[in-house]
$ cat entry25.pdb   # PDB, C-alpha atoms
MODEL        1
ATOM      1  CA  MET Y   6      79.201  61.881  -7.756  1.00  0.00           C
ATOM      2  CA  ARG Y   7      76.589  63.966  -5.968  1.00  0.00           C
ATOM      3  CA  GLU Y   8      76.821  64.965  -2.346  1.00  0.00           C
ATOM      4  CA  ASP Y   9      73.169  64.119  -1.634  1.00  0.00           C
ATOM      5  CA  LYS Y  10      73.376  60.455  -2.701  1.00  0.00           C
ATOM      6  CA  PRO Y  11      75.936  57.660  -2.902  1.00  0.00           C
ATOM      7  CA  SER Y  12      77.747  56.906  -6.124  1.00  0.00           C
ATOM      8  CA  THR Y  13      76.414  54.033  -8.230  1.00  0.00           C
ATOM      9  CA  PRO Y  14      79.447  51.815  -7.486  1.00  0.00           C
ATOM     10  CA  ALA Y  15      79.053  52.453  -3.742  1.00  0.00           C
ATOM     11  CA  ALA Y  16      75.347  51.617  -3.910  1.00  0.00           C
ATOM     12  CA  LEU Y  17      76.046  48.398  -5.844  1.00  0.00           C
ATOM     13  CA  VAL Y  18      78.667  47.315  -3.308  1.00  0.00           C
ATOM     14  CA  ALA Y  19      76.229  47.938  -0.443  1.00  0.00           C
ATOM     15  CA  LEU Y  20      73.538  46.056  -2.381  1.00  0.00           C
ATOM     16  CA  GLY Y  21      75.855  43.085  -2.898  1.00  0.00           C
ATOM     17  CA  ARG Y  22      76.607  43.011   0.811  1.00  0.00           C
ATOM     18  CA  ALA Y  23      72.940  43.397   1.772  1.00  0.00           C
ATOM     19  CA  LEU Y  24      71.720  40.691  -0.608  1.00  0.00           C
ATOM     20  CA  TYR Y  25      73.948  38.104   1.014  1.00  0.00           C
ATOM     21  CA  GLN Y  26      73.176  39.201   4.583  1.00  0.00           C
ATOM     22  CA  THR Y  27      70.235  36.806   4.864  1.00  0.00           C
ATOM     23  CA  ALA Y  28      71.498  34.061   2.564  1.00  0.00           C
ATOM     24  CA  PRO Y  29      71.298  30.487   3.848  1.00  0.00           C
ATOM     25  CA  ASP Y  30      74.405  28.614   4.970  1.00  0.00           C
ATOM     26  CA  GLY Y  31      76.625  27.810   2.053  1.00  0.00           C
ATOM     27  CA  PHE Y  32      75.606  30.960   0.194  1.00  0.00           C
ATOM     28  CA  SER Y  33      76.491  33.591   2.767  1.00  0.00           C
ATOM     29  CA  PRO Y  34      80.169  34.506   2.610  1.00  0.00           C
ATOM     30  CA  THR Y  35      79.705  37.677   4.651  1.00  0.00           C
ATOM     31  CA  GLY Y  36      77.683  39.257   7.392  1.00  0.00           C
ATOM     32  CA  ASP Y  37      76.979  42.974   7.212  1.00  0.00           C
ATOM     33  CA  ALA Y  38      74.255  44.266   9.474  1.00  0.00           C
ATOM     34  CA  VAL Y  39      74.473  47.882   8.246  1.00  0.00           C
ATOM     35  CA  ALA Y  40      74.679  47.489   4.456  1.00  0.00           C
ATOM     36  CA  GLU Y  41      70.907  47.462   3.983  1.00  0.00           C
ATOM     37  CA  ALA Y  42      70.468  50.621   6.045  1.00  0.00           C
ATOM     38  CA  MET Y  43      72.954  52.437   3.803  1.00  0.00           C
ATOM     39  CA  LEU Y  44      71.024  51.701   0.613  1.00  0.00           C
ATOM     40  CA  PRO Y  45      68.814  54.172  -1.244  1.00  0.00           C
ATOM     41  CA  ALA Y  46      65.114  53.270  -0.769  1.00  0.00           C
ATOM     42  CA  PRO Y  47      64.613  51.320  -4.057  1.00  0.00           C
ATOM     43  CA  LEU Y  48      67.685  49.147  -3.472  1.00  0.00           C
ATOM     44  CA  ARG Y  49      66.738  48.668   0.192  1.00  0.00           C
ATOM     45  CA  ALA Y  50      63.361  47.341  -0.965  1.00  0.00           C
ATOM     46  CA  LEU Y  51      65.152  44.919  -3.304  1.00  0.00           C
ATOM     47  CA  ALA Y  52      67.388  43.667  -0.496  1.00  0.00           C
ATOM     48  CA  ARG Y  53      64.360  43.133   1.757  1.00  0.00           C
ATOM     49  CA  ALA Y  54      62.557  41.277  -1.000  1.00  0.00           C
ATOM     50  CA  ALA Y  55      65.531  38.915  -1.178  1.00  0.00           C
ATOM     51  CA  ARG Y  56      64.829  37.370   2.224  1.00  0.00           C
ATOM     52  CA  PRO Y  57      61.883  35.169   1.222  1.00  0.00           C
ATOM     53  CA  LEU Y  58      63.511  34.341  -2.120  1.00  0.00           C
ATOM     54  CA  TRP Y  59      66.584  32.968  -0.332  1.00  0.00           C
ATOM     55  CA  ARG Y  60      64.310  30.760   1.791  1.00  0.00           C
ATOM     56  CA  ALA Y  61      62.146  29.549  -1.087  1.00  0.00           C
ATOM     57  CA  ALA Y  62      64.693  29.065  -3.858  1.00  0.00           C
ATOM     58  CA  PRO Y  63      68.333  29.752  -2.978  1.00  0.00           C
ATOM     59  CA  ALA Y  64      69.739  28.779  -6.389  1.00  0.00           C
ATOM     60  CA  VAL Y  65      67.244  31.047  -8.169  1.00  0.00           C
ATOM     61  CA  ALA Y  66      68.065  33.865  -5.757  1.00  0.00           C
ATOM     62  CA  ARG Y  67      71.774  33.501  -6.428  1.00  0.00           C
ATOM     63  CA  GLN Y  68      71.253  33.718 -10.203  1.00  0.00           C
ATOM     64  CA  ALA Y  69      68.928  36.689  -9.853  1.00  0.00           C
ATOM     65  CA  PHE Y  70      71.409  38.574  -7.681  1.00  0.00           C
ATOM     66  CA  ARG Y  71      74.172  37.946 -10.192  1.00  0.00           C
ATOM     67  CA  ALA Y  72      71.993  39.537 -12.874  1.00  0.00           C
ATOM     68  CA  VAL Y  73      70.857  42.499 -10.745  1.00  0.00           C
ATOM     69  CA  THR Y  74      74.400  43.380  -9.683  1.00  0.00           C
ATOM     70  CA  PHE Y  75      75.981  42.805 -13.102  1.00  0.00           C
ATOM     71  CA  GLY Y  76      77.703  39.652 -11.879  1.00  0.00           C
ATOM     72  CA  LEU Y  77      79.394  41.355  -8.951  1.00  0.00           C
ATOM     73  CA  SER Y  78      77.268  40.212  -6.007  1.00  0.00           C
ATOM     74  CA  GLU Y  79      79.382  37.186  -5.123  1.00  0.00           C
ATOM     75  CA  HIS Y  80      82.614  39.070  -5.766  1.00  0.00           C
ATOM     76  CA  VAL Y  81      81.529  41.833  -3.394  1.00  0.00           C
ATOM     77  CA  ALA Y  82      80.458  39.366  -0.724  1.00  0.00           C
ATOM     78  CA  LEU Y  83      83.705  37.382  -0.957  1.00  0.00           C
ATOM     79  CA  ARG Y  84      85.858  40.526  -1.005  1.00  0.00           C
ATOM     80  CA  THR Y  85      83.996  41.771   2.056  1.00  0.00           C
ATOM     81  CA  ARG Y  86      84.641  38.478   3.837  1.00  0.00           C
ATOM     82  CA  ALA Y  87      88.365  38.672   3.053  1.00  0.00           C
ATOM     83  CA  ILE Y  88      88.608  42.258   4.338  1.00  0.00           C
ATOM     84  CA  ASP Y  89      86.588  41.471   7.474  1.00  0.00           C
ATOM     85  CA  GLU Y  90      88.720  38.414   8.248  1.00  0.00           C
ATOM     86  CA  ALA Y  91      91.932  40.411   7.738  1.00  0.00           C
ATOM     87  CA  GLY Y  92      90.628  43.079  10.126  1.00  0.00           C
ATOM     88  CA  SER Y  93      89.643  40.507  12.733  1.00  0.00           C
ATOM     89  CA  ARG Y  94      93.034  38.814  12.471  1.00  0.00           C
ATOM     90  CA  ALA Y  95      94.813  42.169  12.816  1.00  0.00           C
ATOM     91  CA  ARG Y  96      92.790  43.009  15.954  1.00  0.00           C
ATOM     92  CA  ARG Y  97      93.529  39.606  17.499  1.00  0.00           C
ATOM     93  CA  GLU Y  98      97.223  40.201  16.868  1.00  0.00           C
ATOM     94  CA  GLY Y  99      97.109  43.578  18.621  1.00  0.00           C
ATOM     95  CA  CYS Y 100      96.864  45.933  15.650  1.00  0.00           C
ATOM     96  CA  ALA Y 101      95.305  49.223  16.743  1.00  0.00           C
ATOM     97  CA  GLN Y 102      94.490  50.533  13.259  1.00  0.00           C
ATOM     98  CA  PHE Y 103      93.529  48.922   9.986  1.00  0.00           C
ATOM     99  CA  VAL Y 104      93.316  50.821   6.705  1.00  0.00           C
ATOM    100  CA  THR Y 105      91.604  49.494   3.587  1.00  0.00           C
ATOM    101  CA  LEU Y 106      92.450  51.288   0.384  1.00  0.00           C
ATOM    102  CA  GLY Y 107      90.146  51.115  -2.609  1.00  0.00           C
ATOM    103  CA  ALA Y 108      90.168  52.526  -6.079  1.00  0.00           C
TER     104      ALA Y 108
ENDMDL
END
$ encode --input "entry25.pdb" --output "structure tokens"
Amino acid sequence: MREDKPSTPAALVALGRALYQTAPDGFSPTGDAVAEAMLPAPLRALARAARPLWRAAPAVARQAFRAVTFGLSEHVALRTRAIDEAGSRARREGCAQFVTLGA
């Protein structure tokens, strides 16, 4: 890991989140308005290029994103959704703090 750039796993997680940000209904298991902004420039360009591909050919986009993210794009998006829903539920139930641990 270098201090001047994110680790590769962190960048791939942000890419997975960003790719699904603009997915059409039925493909978008998460919403993350800041993931794209956190990406290094080349991956940010890829995420932005995904927008018209989702509109034109959602099934093709989904397959392409699986390949680009080594099969992890859907996993990342679904994991993000589960974490976000757990956080929302905790807040609704009065929880003041929520900690997510990752390896």
$ residues_around --input "entry25.pdb" --residues "stretch 53-69 of chain Y" --least-positions-apart "2" --cutoff "7 Å" --atoms "only C-alpha atoms" --output "list in words"
Leu24, Thr27, Ala28, Pro29, Arg49, Ala50, Leu51, Arg71, Ala72 and Val73 of chain Y
$ closest_residue --input "entry25.pdb" --among "Y:Met43, Y:Ile88, Y:Leu77, Y:Ala82" --to "Y:Val104" --atoms "only C-alpha atoms"
Y:Ile88
$ closest_residue --input "entry25.pdb" --among "Y:Asp89, Y:Glu8, Y:Arg97, Y:Arg22" --to "Y:Val39" --atoms "only C-alpha atoms"
Y:Arg22
$ closest_residue --input "entry25.pdb" --among "Y:Ser93, Y:Thr13, Y:Gln26, Y:Thr105" --to "Y:Thr74" --atoms "all atoms listed in the file"
Y:Thr13
$ atom_distance --input "entry25.pdb" --atom1 "atom CA of Y:Ala23" --atom2 "atom CA of Y:Asp37"
6.8 Å
$ closest_residue --input "entry25.pdb" --among "Y:Ala46, Y:Val81, Y:Glu90, Y:Phe70" --to "Y:Ala19" --atoms "all atoms listed in the file"
Y:Val81
$ closest_residue --input "entry25.pdb" --among "Y:Leu20, Y:Ser12, Y:Ala87, Y:Tyr25" --to "Y:Pro47" --atoms "all atoms listed in the file"
Y:Leu20
$ residues_around --input "entry25.pdb" --residues "Y:Pro11" --least-positions-apart "6" --cutoff "10 Å" --atoms "only C-alpha atoms" --output "list in words"
Leu17, Met43, Leu44 and Pro45 of chain Y
$ atom_distance --input "entry25.pdb" --atom1 "atom CA of Y:Phe75" --atom2 "atom CA of Y:Leu106"
22.9 Å
$ atom_distance --input "entry25.pdb" --atom1 "atom CA of Y:Arg96" --atom2 "atom CA of Y:Leu83"
20.0 Å
$ axis_aligned_box --input "entry25.pdb" --around "stretch 95-104 of chain Y" --padding-each-side "8 Å" --output "JSON"
{"center_x": 95.0, "center_y": 45.2, "center_z": 12.7, "size_x": 20.4, "size_y": 27.2, "size_z": 27.9}
$ decode --input "entry25.pdb" --residues "stretch 24-80 of chain Y" --atoms "C-alpha atoms" --output "JSON list (two decimals), in the first residue's frame"
[["chain", "number", "residue", "atom", "x", "y", "z"],
["Y", 24, "LEU", "CA", -20.40, 0.85, -11.79],
["Y", 25, "TYR", "CA", -23.75, -0.01, -10.27],
["Y", 26, "GLN", "CA", -24.58, 3.57, -9.26],
["Y", 27, "THR", "CA", -26.30, 4.29, -12.58],
["Y", 28, "ALA", "CA", -27.59, 0.80, -13.34],
["Y", 29, "PRO", "CA", -31.23, 0.48, -14.39],
["Y", 30, "ASP", "CA", -33.86, -0.92, -12.03],
["Y", 31, "GLY", "CA", -33.34, -4.59, -11.45],
["Y", 32, "PHE", "CA", -29.57, -4.28, -11.81],
["Y", 33, "SER", "CA", -28.84, -1.68, -9.16],
["Y", 34, "PRO", "CA", -28.54, -3.26, -5.72],
["Y", 35, "THR", "CA", -26.87, -0.19, -4.21],
["Y", 36, "GLY", "CA", -26.68, 3.55, -4.38],
["Y", 37, "ASP", "CA", -23.36, 5.23, -3.66],
["Y", 38, "ALA", "CA", -23.05, 8.84, -4.71],
["Y", 39, "VAL", "CA", -19.41, 9.21, -3.61],
["Y", 40, "ALA", "CA", -17.79, 6.01, -4.93],
["Y", 41, "GLU", "CA", -17.00, 7.49, -8.34],
["Y", 42, "ALA", "CA", -15.36, 10.55, -6.80],
["Y", 43, "MET", "CA", -13.03, 8.31, -4.79],
["Y", 44, "LEU", "CA", -11.70, 6.49, -7.85],
["Y", 45, "PRO", "CA", -8.32, 7.12, -9.48],
["Y", 46, "ALA", "CA", -8.77, 8.95, -12.82],
["Y", 47, "PRO", "CA", -8.62, 5.88, -15.14],
["Y", 48, "LEU", "CA", -11.20, 3.96, -13.11],
["Y", 49, "ARG", "CA", -13.38, 7.08, -12.80],
["Y", 50, "ALA", "CA", -13.38, 7.32, -16.60],
["Y", 51, "LEU", "CA", -14.46, 3.67, -16.80],
["Y", 52, "ALA", "CA", -17.31, 4.25, -14.36],
["Y", 53, "ARG", "CA", -18.49, 7.28, -16.35],
["Y", 54, "ALA", "CA", -18.33, 5.29, -19.57],
["Y", 55, "ALA", "CA", -20.67, 2.76, -17.96],
["Y", 56, "ARG", "CA", -23.64, 5.13, -17.94],
["Y", 57, "PRO", "CA", -24.52, 4.93, -21.64],
["Y", 58, "LEU", "CA", -23.71, 1.21, -21.74],
["Y", 59, "TRP", "CA", -26.26, 0.55, -18.98],
["Y", 60, "ARG", "CA", -28.88, 2.44, -21.01],
["Y", 61, "ALA", "CA", -28.07, 0.79, -24.33],
["Y", 62, "ALA", "CA", -27.41, -2.80, -23.31],
["Y", 63, "PRO", "CA", -27.84, -3.64, -19.62],
["Y", 64, "ALA", "CA", -27.08, -7.36, -19.99],
["Y", 65, "VAL", "CA", -23.88, -6.62, -21.91],
["Y", 66, "ALA", "CA", -22.89, -4.04, -19.30],
["Y", 67, "ARG", "CA", -23.40, -6.53, -16.49],
["Y", 68, "GLN", "CA", -21.17, -9.11, -18.20],
["Y", 69, "ALA", "CA", -18.51, -6.52, -18.96],
["Y", 70, "PHE", "CA", -18.44, -5.31, -15.36],
["Y", 71, "ARG", "CA", -18.06, -8.87, -14.11],
["Y", 72, "ALA", "CA", -15.00, -9.25, -16.34],
["Y", 73, "VAL", "CA", -13.46, -5.87, -15.45],
["Y", 74, "THR", "CA", -13.80, -6.44, -11.71],
["Y", 75, "PHE", "CA", -12.73, -10.10, -11.78],
["Y", 76, "GLY", "CA", -16.28, -11.24, -11.04],
["Y", 77, "LEU", "CA", -16.63, -9.13, -7.92],
["Y", 78, "SER", "CA", -18.81, -6.25, -9.13],
["Y", 79, "GLU", "CA", -22.13, -7.81, -8.13],
["Y", 80, "HIS", "CA", -20.70, -9.15, -4.89]]
